[in-house]
Each structure stands twice: as structure tokens, then as C-alpha cells.
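Beneath this line is the structure, given in C-alpha cells, with notes to follow.
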Amino acid sequence: MSCDEAEYCSAVLTQRLVLWLMQLLAPLQLIRMGLVIVEDELAHSELSHRVYTQVGGTEPADLGSRNLGTPALDPKGVLHAVVRTGLESFCLGETVAVRLFSRLRSGCTESSARTALDRILKDEVRHKEFGWTLLEWLLSLPAADSVRALIDQELPAMFERLRRSYAYSQLGATSARVPAQSEWGLMPPSEYAAALDETLTQDYIPLFNGLGIDAKRAWQARLG
């Protein structure tokens with residue numbers, strides 16, 4: 001999936017999440033934060049597509065064959081759907097994205113790619129904040145025990161999927177950046193793995209611990 005397609009799918013997923021939050025009568029602050037993120041993701045898709053065409057890309061976005069990032073509604077209802085989506089896409093995905101895009105931006109010199117990464121990185125910080133604010137609210141609900149049980153059940157598998165997505169097996173591998181790729185904001189798999197490892201120790205473990213969730217145990221549950 002290309003970057004512009006991924007960002008468009010993120011917009012669709014967030015729009016669905018906002019609808020679920022409205023059904024749960026979530027605080028208006030959370031709903032409005034979600035709506036802002038939808039617009040951010042659409043802007044990211046536009047910026048990414050502009051860079052794609054500048055480097056010679058000609059293939060149109062292949063969105064018709066995708067589910068556009070909209071997970072099927074959990075049979076246990078809207079609450080569990082919100083927990084799963086908020087946890088994996090925002091608490092995990094957007095948190096590591098902040099460190100990832102910071103690394104991608106560090107060696108980027110091409111103006112269009114740099115402009116796109118500047119905007120995306122700035123927005124990812126807000127998206128990360130949304131995820132953790134959402135999780136804190138979910139853990140304040142009368143159904144908090146059910147929410148915690150679901151997190152304990154799902155978090156190890158979510159971490160496992162994240163390790164696959166970020167090539168965590170490549171952590172520590174020696175692979176120098178190719179200058180031309182760095183200029184366009186690209187980097188080898190080993191740096192993706194390093195971004196995830198940094199996020200684990202500096203973000204996931206302390207942030208989850210602050211909410212009474214043992215992220216280190218969840219991370220190690222499916223290692224090996």
C-alpha cells in the first residue's frame with residue numbers, strides 16, 4: 001500500500017471511530033479531536049500523492065479493492081470496537097509514527113517531501129495525544145473492568161502485529177542509508193525497527209504503566 005493510500009485509509013478508519021464515539025455519547029472534546037484528525041489524514045494523503053507523482057509515480061491509488069481500513073463492528077458492540085481501534089491505531093500506531101516520521105524527516109532535503117513530512121510529523125503528535133486521551137476516558141467508564149480485560153487480551157497480539165509491520169527482526173542490523181533515498185525521506189528496515197524499540201522504552205511502557213497496564217509483559221508475551 002502506498003503512503004497516500006495508507007493515509008486515506010486512516011481517514012476512513014478515524015471517521016468510523018468518530019461515529020462510534022458519538023454513539024457512545026463520548027465527550028465532545030474527543031469527538032472534535034477525531035474530526036480534526038480525519039481532515040489531517042486527508043491532507044496527508046494529498047501531500048504524499050504529490051511527492052509520489054514528483055518522483056515519477058503514475059499508478060492510480062488502488063482503493064477499490066481495499067476495505068478502506070474499516071474493521072467489522074465487534075459483535076460485543078461499539079465499546080469494544082472503540083477500544084480495539086483506539087488502542088491499536090492511535091495509542092500504538094500514532095505513537096510510534098511520531099518517532100518514525102521524525103527519523104524519516106531528519107535526512108530529508110527534497111522540498112516537497114520535506115514539506116509533507118513537516119506537516120505529517122506535526123499532526124502525528126496531536127493524533128498520539130488523541131489516542132491516549134481516548135484510552136484514559138475509556139478507563140474512566142463504569143465498564144472499565146471490561147475495557148481492561150479486553151486490553152489484557154488483545155495487546156500482546158497488537159504488539160506482535162506492530163513488530164511485523166516495523167521489521168523488528170532487523171533491529172541492530174547494519175544497513176546504511178542510500179543518500180538518494182534519504183533525500184526523499186526513506187530509510188532501511190533496521191531504522192524502522194529502531195524507531196519501534198525507542199517507542200517501546202520511552203513511550204509505551206511509561207504511558208501504559210501510568211494507566212495501570214503492564215505493557216512490558218504484553219510486549220514479551222509473544223516474543224520468540
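Just remember, in the C-alpha cells the first chain shown is A, the second B, etc., residues are 1-based per chain, and ligands are 1-based in the order shown.
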Proximity of range 79-142 of chain A to range 151-164 of chain A: per-residue shortest pair, 9 Å limit, only C-alpha atoms, as CSV:
residue,atom,partner,partner_atom,distance
A:Val83,CA,A:Ile151,CA,7.7
A:Arg84,CA,A:Glu154,CA,7.8
A:Leu87,CA,A:Ile151,CA,8.0
A:Glu88,CA,A:Met158,CA,6.4
A:Leu92,CA,A:Leu162,CA,8.1
A:Gly93,CA,A:Leu162,CA,7.9
Would you write out those residues with C-alpha atoms, as a short mmCIF file (atom, residue, chain, number, x, y, z; two decimals), in the first residue's frame?
data_model
loop_
_atom_site.label_atom_id
_atom_site.label_comp_id
_atom_site.auth_asym_id
_atom_site.auth_seq_id
_atom_site.Cartn_x
_atom_site.Cartn_y
_atom_site.Cartn_z
CA VAL A 83 -11.24 0.08 22.50
CA ARG A 84 -9.64 -2.05 19.79
CA LEU A 87 -5.66 1.10 21.20
CA GLU A 88 -4.10 -0.30 18.02
CA LEU A 92 0.18 2.13 19.32
CA GLY A 93 0.19 3.24 15.70
#
Residue neighbourhood Ser89 in chain A, 12 Å, only C-alpha atoms, exclusion window fewer than 2 positions, as a tab-separated table (two decimals) with C-alpha atoms, in the first residue's frame:
chain	number	residue	atom	x	y	z
A	9	CYS	CA	-7.44	4.57	4.79
A	10	SER	CA	-6.51	6.20	8.10
A	11	ALA	CA	-9.02	8.97	7.37
A	13	LEU	CA	-10.88	4.47	9.93
A	14	THR	CA	-10.91	7.64	12.04
A	17	LEU	CA	-14.22	5.71	15.08
A	69	GLY	CA	-9.40	0.47	6.96
A	70	THR	CA	-12.91	-0.07	8.31
A	71	PRO	CA	-12.95	-3.04	10.67
A	81	ALA	CA	-14.79	-1.69	18.71
A	82	VAL	CA	-13.70	1.69	20.07
A	83	VAL	CA	-11.24	0.08	22.50
A	84	ARG	CA	-9.64	-2.05	19.79
A	85	THR	CA	-9.42	0.74	17.21
A	86	GLY	CA	-8.25	3.39	19.66
A	87	LEU	CA	-5.66	1.10	21.20
A	91	CYS	CA	-2.14	4.51	21.17
A	92	LEU	CA	0.18	2.13	19.32
A	93	GLY	CA	0.19	3.24	15.70
A	94	GLU	CA	0.22	7.02	16.07
A	95	THR	CA	2.67	6.94	18.97
A	96	VAL	CA	5.33	5.07	17.03
A	97	ALA	CA	4.51	7.21	13.98
A	124	GLU	CA	1.02	12.88	14.37
A	127	HIS	CA	-3.07	12.10	16.85
A	128	LYS	CA	-0.96	10.41	19.52
A	130	PHE	CA	-5.98	11.78	20.94
A	131	GLY	CA	-5.26	8.07	21.41
A	132	TRP	CA	-4.07	8.38	24.98
A	134	LEU	CA	-9.36	8.36	24.46
A	135	LEU	CA	-7.87	5.45	26.41
A	155	LEU	CA	-2.44	-6.06	23.50
A	158	MET	CA	-1.33	-5.99	18.66
A	159	PHE	CA	2.33	-5.70	19.66
A	161	ARG	CA	1.50	-7.21	14.50
A	162	LEU	CA	3.41	-3.98	15.15
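Considering only C-alpha atoms, the residue among A:Val51, A:Met187, A:Leu211, A:Ala194 positioned nearest to Ser111 in chain A is A:Val51.
Shortest separation to Arg114 in chain A among A:Val12, A:Ala195, A:Met33, A:Leu186 occurs at residue A:Leu186, atoms counted being only C-alpha atoms.
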Need to verify the contact set: Leu21 in chain A, 10 Å, only C-alpha atoms, exclusion of same-chain residues closer than 3 positions in sequence. Can you return it as a PyMOL selection string? chain A and resi 15-18+24-28+30-31+34+78-79+81-82+134
Using the selection just defined, write its residues with C-alpha atoms as a compact mmCIF listing (two decimals), in the first residue's frame.
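And here is the file that came out, again_30.txt:
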# COMPACT_ATOMS: atom_id res chain seq x y z
CA GLN A 15 -14.24 8.74 10.59
CA ARG A 16 -15.74 5.39 11.61
CA LEU A 17 -14.22 5.71 15.08
CA VAL A 18 -15.75 9.18 15.49
CA LEU A 24 -21.24 6.14 22.98
CA LEU A 25 -22.02 9.80 23.84
CA ALA A 26 -18.30 10.41 24.32
CA PRO A 27 -17.13 13.86 25.45
CA LEU A 28 -17.43 16.44 22.68
CA LEU A 30 -12.85 13.67 21.93
CA ILE A 31 -15.33 13.77 19.04
CA GLY A 34 -11.31 12.89 15.96
CA VAL A 78 -19.49 -0.37 19.88
CA LEU A 79 -17.48 -0.08 23.10
CA ALA A 81 -14.79 -1.69 18.71
CA VAL A 82 -13.70 1.69 20.07
CA LEU A 134 -9.36 8.36 24.46
Distance query Leu104 in chain A at most 9 Å, only C-alpha atoms, self and fewer than 2 positions along chain excluded, as a compact mmCIF listing (two decimals) with N, CA, C and O atoms, in the first residue's frame:
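So part_21.txt came out as:
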# COMPACT_ATOMS: atom_id res chain seq x y z
N ARG A 99 7.80 9.00 16.27
CA ARG A 99 9.24 8.74 16.22
C ARG A 99 9.68 8.30 14.82
O ARG A 99 10.79 8.64 14.38
N LEU A 100 8.83 7.57 14.13
CA LEU A 100 9.16 7.16 12.77
C LEU A 100 9.33 8.36 11.84
O LEU A 100 10.34 8.50 11.15
N PHE A 101 8.32 9.24 11.82
CA PHE A 101 8.39 10.37 10.90
C PHE A 101 9.49 11.35 11.29
O PHE A 101 10.04 12.05 10.43
N SER A 102 9.84 11.41 12.56
CA SER A 102 10.97 12.23 12.98
C SER A 102 12.26 11.72 12.34
O SER A 102 13.10 12.50 11.86
N SER A 106 14.60 13.55 9.32
CA SER A 106 15.93 14.02 9.71
C SER A 106 16.90 14.10 8.53
O SER A 106 17.75 15.01 8.49
N GLY A 107 16.80 13.18 7.57
CA GLY A 107 17.72 13.21 6.45
C GLY A 107 17.11 13.71 5.16
O GLY A 107 17.73 13.65 4.10
N CYS A 108 15.88 14.19 5.25
CA CYS A 108 15.13 14.58 4.05
C CYS A 108 15.49 16.01 3.64
O CYS A 108 15.40 16.94 4.44
N LEU A 117 6.53 15.84 5.17
CA LEU A 117 6.93 15.27 6.45
C LEU A 117 6.80 16.27 7.59
O LEU A 117 6.46 15.89 8.72
N SER A 182 17.54 8.87 1.30
CA SER A 182 17.43 9.74 2.47
C SER A 182 16.88 11.11 2.08
O SER A 182 16.10 11.70 2.82
N TRP A 184 14.75 11.83 -0.01
CA TRP A 184 13.30 11.77 -0.21
C TRP A 184 12.56 11.25 1.03
O TRP A 184 11.38 10.94 0.98
N GLY A 185 13.27 11.14 2.15
CA GLY A 185 12.62 10.72 3.40
C GLY A 185 12.39 9.23 3.49
O GLY A 185 11.38 8.79 4.05
N LEU A 186 13.33 8.44 2.97
CA LEU A 186 13.24 6.98 3.05
C LEU A 186 14.37 6.46 3.92
O LEU A 186 15.40 7.10 4.07
N MET A 187 14.21 5.26 4.47
CA MET A 187 15.26 4.68 5.30
C MET A 187 15.11 3.16 5.33
O MET A 187 14.03 2.62 5.01
Just list the residues in range 80-190 of chain A DSSP gives helix (DSSP H, G or I) on the backbone, as a PyMOL selection string. chain A and resi 80-106+111-138+144-165+168-170+179-183+189-190
Just give me the gap between CA of Ser112 in chain A and CA of Glu39 in chain A in Å, one decimal is fine. 19.7 Å
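Between CA of Pro206 in chain A and CA of Pro189 in chain A there is a distance of 25.3 Å.
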Do a neighbour search on Tyr8 in chain A at 7 Å with only C-alpha atoms, toss out local chain neighbours closer than 3 positions, and write the hits as a ChimeraX atom specification. /A:4-5,11-12,41-42,45
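Shortest separation to Arg50 in chain A among A:Gln23, A:Gln29, A:Ser165, A:Thr115 occurs at residue A:Thr115, atoms counted being only C-alpha atoms.
The coordinates place CA of Gln170 in chain A at 9.4 Å from CA of Pro188 in chain A.
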Restricting the calculation to only C-alpha atoms: of A:Leu139, A:Glu110, A:Ala116, A:Asp40, which residue gets closest to Phe208 in chain A? A:Leu139
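Residue nearest Lys122 in chain A within the list A:Trp219, A:Ala143, A:Val98, A:Thr174: A:Val98 [criterion: smallest interatomic distance, only C-alpha atoms].
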